[in-house]
Amino acid sequence: MGERVLEADCGRCAGLCCVAPAFAKSSDFAIDKAPGRPCPNLDQGSFRCTIHTELDRKGFHGCVVFDCFGAGQRITQEMFGGRSWRDAPEMLELLPVVRPLHELMWLLTEALKLDEAAALHDRLRSALEETERLAGEPGRVDVDAYRGKLNPLLQEASKLARGTAGPDFRGANLIGRRMRGADLRGASLRGALLIGADLRGADLRRADFTGADLRGADLRGADLTGALFLTAAQLRAAVV
């Protein structure tokens, strides 16, 4: 399997993320949008966002922090030969399946970089190859069930990398929590709600951020050295 780029390349996509998902008017989106309907800010000739440089100012923070992990260009270029959703509307149905599979591929790729998890590398590589195959056959996979199958392996890799594990905040509601300067080395923050949390100057070395919601979390001065499974989209959502 060749090395796949697991980050968005909007120039090779037909604007799928601007059409396929629904938007609900909120702090993340300035408008309501039904699934399958093009966002009014999408240039349907170039398939590029007409307010890309002003998304935050115009109330589309949800777009700023979105990452398809390369699923958009895979669907557009590999599965549909460069066609668009206008010619092949069925491609819109694939994004909600291929995107989470690509996210899992990104997580597995990150886990393979962990020397502490060397004992798991063969299993991680096998899982990555299987996920790559399934992403090319998206009609044959139950994404939620498949994610549940892989999560124990990813958690095992995380545990090995974190060593003497820090505090366990898996799935915790930490919205607005004051944690300035906290010692969170090796913490599990998997799925934690950290919206608006004050983490200034916190020690977050080797903390696991899988699926953590960092919208508005203040990470200024925090030590993120060796942080696990922290995506670029999560950092865009935070204050850094």
# chains A, B, ... in the order shown; residues from 1 in each chain; ligands from 1
>>> select_by_dssp(residues="segment 10-168 of chain A", states="strand (DSSP E or B)", output="list in words")
Phe23, Lys33, Leu42, Asp43, Arg48, Cys49 and Asp168 of chain A
>>> write_last_selection(atoms="N, CA, C and O atoms", output="CSV table (one decimal), in the first residue's frame")
chain,number,residue,atom,x,y,z
A,23,PHE,N,-26.0,21.8,8.2
A,23,PHE,CA,-25.5,22.8,9.1
A,23,PHE,C,-26.7,23.2,10.0
A,23,PHE,O,-27.8,23.3,9.5
A,33,LYS,N,-28.5,24.6,7.0
A,33,LYS,CA,-28.3,24.1,5.7
A,33,LYS,C,-28.8,22.6,5.7
A,33,LYS,O,-28.3,21.8,6.6
A,42,LEU,N,-20.5,28.5,-1.5
A,42,LEU,CA,-19.7,27.6,-2.4
A,42,LEU,C,-19.8,28.2,-3.8
A,42,LEU,O,-20.9,28.3,-4.4
A,43,ASP,N,-18.6,28.4,-4.5
A,43,ASP,CA,-18.6,28.7,-5.9
A,43,ASP,C,-18.7,27.4,-6.6
A,43,ASP,O,-17.8,26.6,-6.6
A,48,ARG,N,-14.8,26.0,-4.7
A,48,ARG,CA,-14.1,26.6,-3.7
A,48,ARG,C,-15.0,27.5,-2.8
A,48,ARG,O,-15.9,28.1,-3.4
A,49,CYS,N,-14.6,27.7,-1.6
A,49,CYS,CA,-15.4,28.6,-0.7
A,49,CYS,C,-15.1,30.0,-1.0
A,49,CYS,O,-13.9,30.4,-1.1
A,168,ASP,N,-7.4,10.2,34.4
A,168,ASP,CA,-8.3,9.7,33.4
A,168,ASP,C,-9.5,10.6,33.3
A,168,ASP,O,-10.3,10.6,34.2
>>> closest_atom_pairs(of="segment 145-237 of chain A", to="segment 64-81 of chain A", cutoff="10 Å", atoms="only C-alpha atoms", output="CSV")
residue,atom,partner,partner_atom,distance
A:Arg215,CA,A:Val65,CA,8.8
A:Thr231,CA,A:Asp67,CA,9.0
A:Ala232,CA,A:Val65,CA,8.2
A:Ala233,CA,A:Val65,CA,4.7
A:Gln234,CA,A:Val65,CA,6.8
A:Leu235,CA,A:Val65,CA,8.2
A:Arg236,CA,A:Val65,CA,5.7
A:Ala237,CA,A:Val65,CA,5.6
>>> write_last_selection(atoms="N, CA and C atoms", output="PDB file, in the first residue's frame")
ATOM      1  N   ARG A 215     -12.903  23.217  21.288  1.00  0.00           N
ATOM      2  CA  ARG A 215     -13.399  24.513  20.817  1.00  0.00           C
ATOM      3  C   ARG A 215     -13.267  25.572  21.911  1.00  0.00           C
ATOM      4  N   THR A 231      -5.041  16.537  16.514  1.00  0.00           N
ATOM      5  CA  THR A 231      -5.141  16.893  15.104  1.00  0.00           C
ATOM      6  C   THR A 231      -4.974  18.388  14.882  1.00  0.00           C
ATOM      7  N   ALA A 232      -4.656  18.730  13.643  1.00  0.00           N
ATOM      8  CA  ALA A 232      -4.558  20.138  13.266  1.00  0.00           C
ATOM      9  C   ALA A 232      -5.905  20.829  13.434  1.00  0.00           C
ATOM     10  N   ALA A 233      -6.994  20.115  13.163  1.00  0.00           N
ATOM     11  CA  ALA A 233      -8.326  20.698  13.309  1.00  0.00           C
ATOM     12  C   ALA A 233      -8.623  21.019  14.770  1.00  0.00           C
ATOM     13  N   GLN A 234      -8.200  20.160  15.689  1.00  0.00           N
ATOM     14  CA  GLN A 234      -8.389  20.435  17.108  1.00  0.00           C
ATOM     15  C   GLN A 234      -7.637  21.696  17.529  1.00  0.00           C
ATOM     16  N   LEU A 235      -6.432  21.846  17.023  1.00  0.00           N
ATOM     17  CA  LEU A 235      -5.649  23.036  17.361  1.00  0.00           C
ATOM     18  C   LEU A 235      -6.278  24.292  16.761  1.00  0.00           C
ATOM     19  N   ARG A 236      -6.869  24.177  15.569  1.00  0.00           N
ATOM     20  CA  ARG A 236      -7.542  25.337  14.979  1.00  0.00           C
ATOM     21  C   ARG A 236      -8.756  25.733  15.800  1.00  0.00           C
ATOM     22  N   ALA A 237      -9.360  24.759  16.467  1.00  0.00           N
ATOM     23  CA  ALA A 237     -10.541  25.028  17.272  1.00  0.00           C
ATOM     24  C   ALA A 237     -10.191  25.723  18.585  1.00  0.00           C
TER      25      ALA A 237
END
>>> closest_residue(among="A:Pro89, A:Pro100, A:Gly62, A:Gly176", to="Ala145 of chain A", atoms="only C-alpha atoms")
A:Pro100
>>> closest_residue(among="A:Leu112, A:Ala30, A:Asp122, A:Met105", to="Leu134 of chain A", atoms="only C-alpha atoms")
A:Met105
>>> residues_around(residues="segment 172-174 of chain A", least_positions_apart="6", cutoff="7 Å", atoms="only C-alpha atoms", output="JSON list (two decimals) with C-alpha atoms, in the first residue's frame")
[["chain", "number", "residue", "atom", "x", "y", "z"],
["A", 192, "ALA", "CA", -13.44, 14.86, 26.76],
["A", 193, "LEU", "CA", -15.45, 18.07, 26.39],
["A", 194, "LEU", "CA", -12.90, 20.83, 26.92],
["A", 197, "ALA", "CA", -11.46, 25.24, 29.32]]
>>> residues_around(residues="Arg37 of chain A", least_positions_apart="5", cutoff="9 Å", atoms="only C-alpha atoms", output="ChimeraX atom specification")
/A:18-22
>>> residues_around(residues="Gly136 of chain A", least_positions_apart="3", cutoff="12 Å", atoms="only C-alpha atoms", output="PyMOL selection string")
chain A and resi 71+74-75+78-80+94-95+97-99+101-102+129-133+139-141
>>> atom_distance(atom1="atom CA of Gly196 of chain A", atom2="atom CA of Ala238 of chain A")
8.3 Å
>>> select_by_dssp(residues="segment 74-196 of chain A", states="helix (DSSP H, G or I)", output="ChimeraX atom specification")
/A:74-79,89-93,95-111,115-135,138-140,143-162
>>> closest_residue(among="A:Asp28, A:Asp9, A:Asp115, A:Asp218", to="Asp198 of chain A", atoms="only C-alpha atoms")
A:Asp218
>>> atom_distance(atom1="atom CA of Ser188 of chain A", atom2="atom CA of Thr210 of chain A")
8.5 Å
>>> decode(residues="segment 73-131 of chain A", atoms="C-alpha atoms", output="PDB file, in the first residue's frame")
ATOM      1  CA  GLN A  73     -10.155  14.077  -2.795  1.00  0.00           C
ATOM      2  CA  ARG A  74     -10.227  10.274  -2.622  1.00  0.00           C
ATOM      3  CA  ILE A  75     -13.945  10.195  -3.400  1.00  0.00           C
ATOM      4  CA  THR A  76     -13.689  12.874  -6.079  1.00  0.00           C
ATOM      5  CA  GLN A  77     -10.572  11.686  -7.876  1.00  0.00           C
ATOM      6  CA  GLU A  78     -10.244   7.957  -7.228  1.00  0.00           C
ATOM      7  CA  MET A  79     -13.820   6.793  -6.892  1.00  0.00           C
ATOM      8  CA  PHE A  80     -15.498   9.158  -9.359  1.00  0.00           C
ATOM      9  CA  GLY A  81     -12.688  10.033 -11.772  1.00  0.00           C
ATOM     10  CA  GLY A  82     -12.757  13.765 -11.085  1.00  0.00           C
ATOM     11  CA  ARG A  83     -16.507  14.168 -11.534  1.00  0.00           C
ATOM     12  CA  SER A  84     -18.618  16.338  -9.259  1.00  0.00           C
ATOM     13  CA  TRP A  85     -21.732  15.757  -7.166  1.00  0.00           C
ATOM     14  CA  ARG A  86     -23.765  17.479  -9.879  1.00  0.00           C
ATOM     15  CA  ASP A  87     -23.010  14.606 -12.261  1.00  0.00           C
ATOM     16  CA  ALA A  88     -22.814  11.906  -9.600  1.00  0.00           C
ATOM     17  CA  PRO A  89     -24.931  12.887  -6.557  1.00  0.00           C
ATOM     18  CA  GLU A  90     -24.363   9.459  -5.023  1.00  0.00           C
ATOM     19  CA  MET A  91     -20.836  10.549  -4.104  1.00  0.00           C
ATOM     20  CA  LEU A  92     -22.313  12.757  -1.381  1.00  0.00           C
ATOM     21  CA  GLU A  93     -23.468   9.652   0.477  1.00  0.00           C
ATOM     22  CA  LEU A  94     -19.892   8.381   0.716  1.00  0.00           C
ATOM     23  CA  LEU A  95     -18.352  11.270   2.664  1.00  0.00           C
ATOM     24  CA  PRO A  96     -19.981  10.316   6.022  1.00  0.00           C
ATOM     25  CA  VAL A  97     -18.475   6.836   5.629  1.00  0.00           C
ATOM     26  CA  VAL A  98     -15.077   7.441   4.031  1.00  0.00           C
ATOM     27  CA  ARG A  99     -14.195  10.412   6.239  1.00  0.00           C
ATOM     28  CA  PRO A 100     -14.327   8.514   9.584  1.00  0.00           C
ATOM     29  CA  LEU A 101     -12.411   5.643   8.007  1.00  0.00           C
ATOM     30  CA  HIS A 102      -9.710   8.105   6.925  1.00  0.00           C
ATOM     31  CA  GLU A 103      -9.675   9.527  10.436  1.00  0.00           C
ATOM     32  CA  LEU A 104      -9.073   6.014  11.768  1.00  0.00           C
ATOM     33  CA  MET A 105      -6.262   5.627   9.247  1.00  0.00           C
ATOM     34  CA  TRP A 106      -4.721   8.842  10.562  1.00  0.00           C
ATOM     35  CA  LEU A 107      -4.953   7.566  14.150  1.00  0.00           C
ATOM     36  CA  LEU A 108      -3.386   4.229  13.203  1.00  0.00           C
ATOM     37  CA  THR A 109      -0.605   6.016  11.318  1.00  0.00           C
ATOM     38  CA  GLU A 110       0.093   8.174  14.365  1.00  0.00           C
ATOM     39  CA  ALA A 111       0.119   5.095  16.615  1.00  0.00           C
ATOM     40  CA  LEU A 112       2.726   3.501  14.341  1.00  0.00           C
ATOM     41  CA  LYS A 113       5.043   6.436  15.094  1.00  0.00           C
ATOM     42  CA  LEU A 114       5.068   5.555  18.817  1.00  0.00           C
ATOM     43  CA  ASP A 115       8.242   3.683  19.711  1.00  0.00           C
ATOM     44  CA  GLU A 116       6.733   2.651  23.034  1.00  0.00           C
ATOM     45  CA  ALA A 117       4.033   0.752  21.132  1.00  0.00           C
ATOM     46  CA  ALA A 118       6.492  -1.247  19.009  1.00  0.00           C
ATOM     47  CA  ALA A 119       5.006  -4.521  20.237  1.00  0.00           C
ATOM     48  CA  LEU A 120       1.725  -3.512  18.597  1.00  0.00           C
ATOM     49  CA  HIS A 121       3.127  -2.322  15.295  1.00  0.00           C
ATOM     50  CA  ASP A 122       2.303  -5.488  13.356  1.00  0.00           C
ATOM     51  CA  ARG A 123      -1.314  -5.349  14.513  1.00  0.00           C
ATOM     52  CA  LEU A 124      -1.488  -1.618  13.824  1.00  0.00           C
ATOM     53  CA  ARG A 125      -0.135  -2.109  10.291  1.00  0.00           C
ATOM     54  CA  SER A 126      -2.648  -4.871   9.620  1.00  0.00           C
ATOM     55  CA  ALA A 127      -5.455  -2.648  10.894  1.00  0.00           C
ATOM     56  CA  LEU A 128      -4.256   0.213   8.706  1.00  0.00           C
ATOM     57  CA  GLU A 129      -4.208  -1.998   5.620  1.00  0.00           C
ATOM     58  CA  GLU A 130      -7.694  -3.297   6.402  1.00  0.00           C
ATOM     59  CA  THR A 131      -9.044   0.219   6.936  1.00  0.00           C
TER      60      THR A 131
END
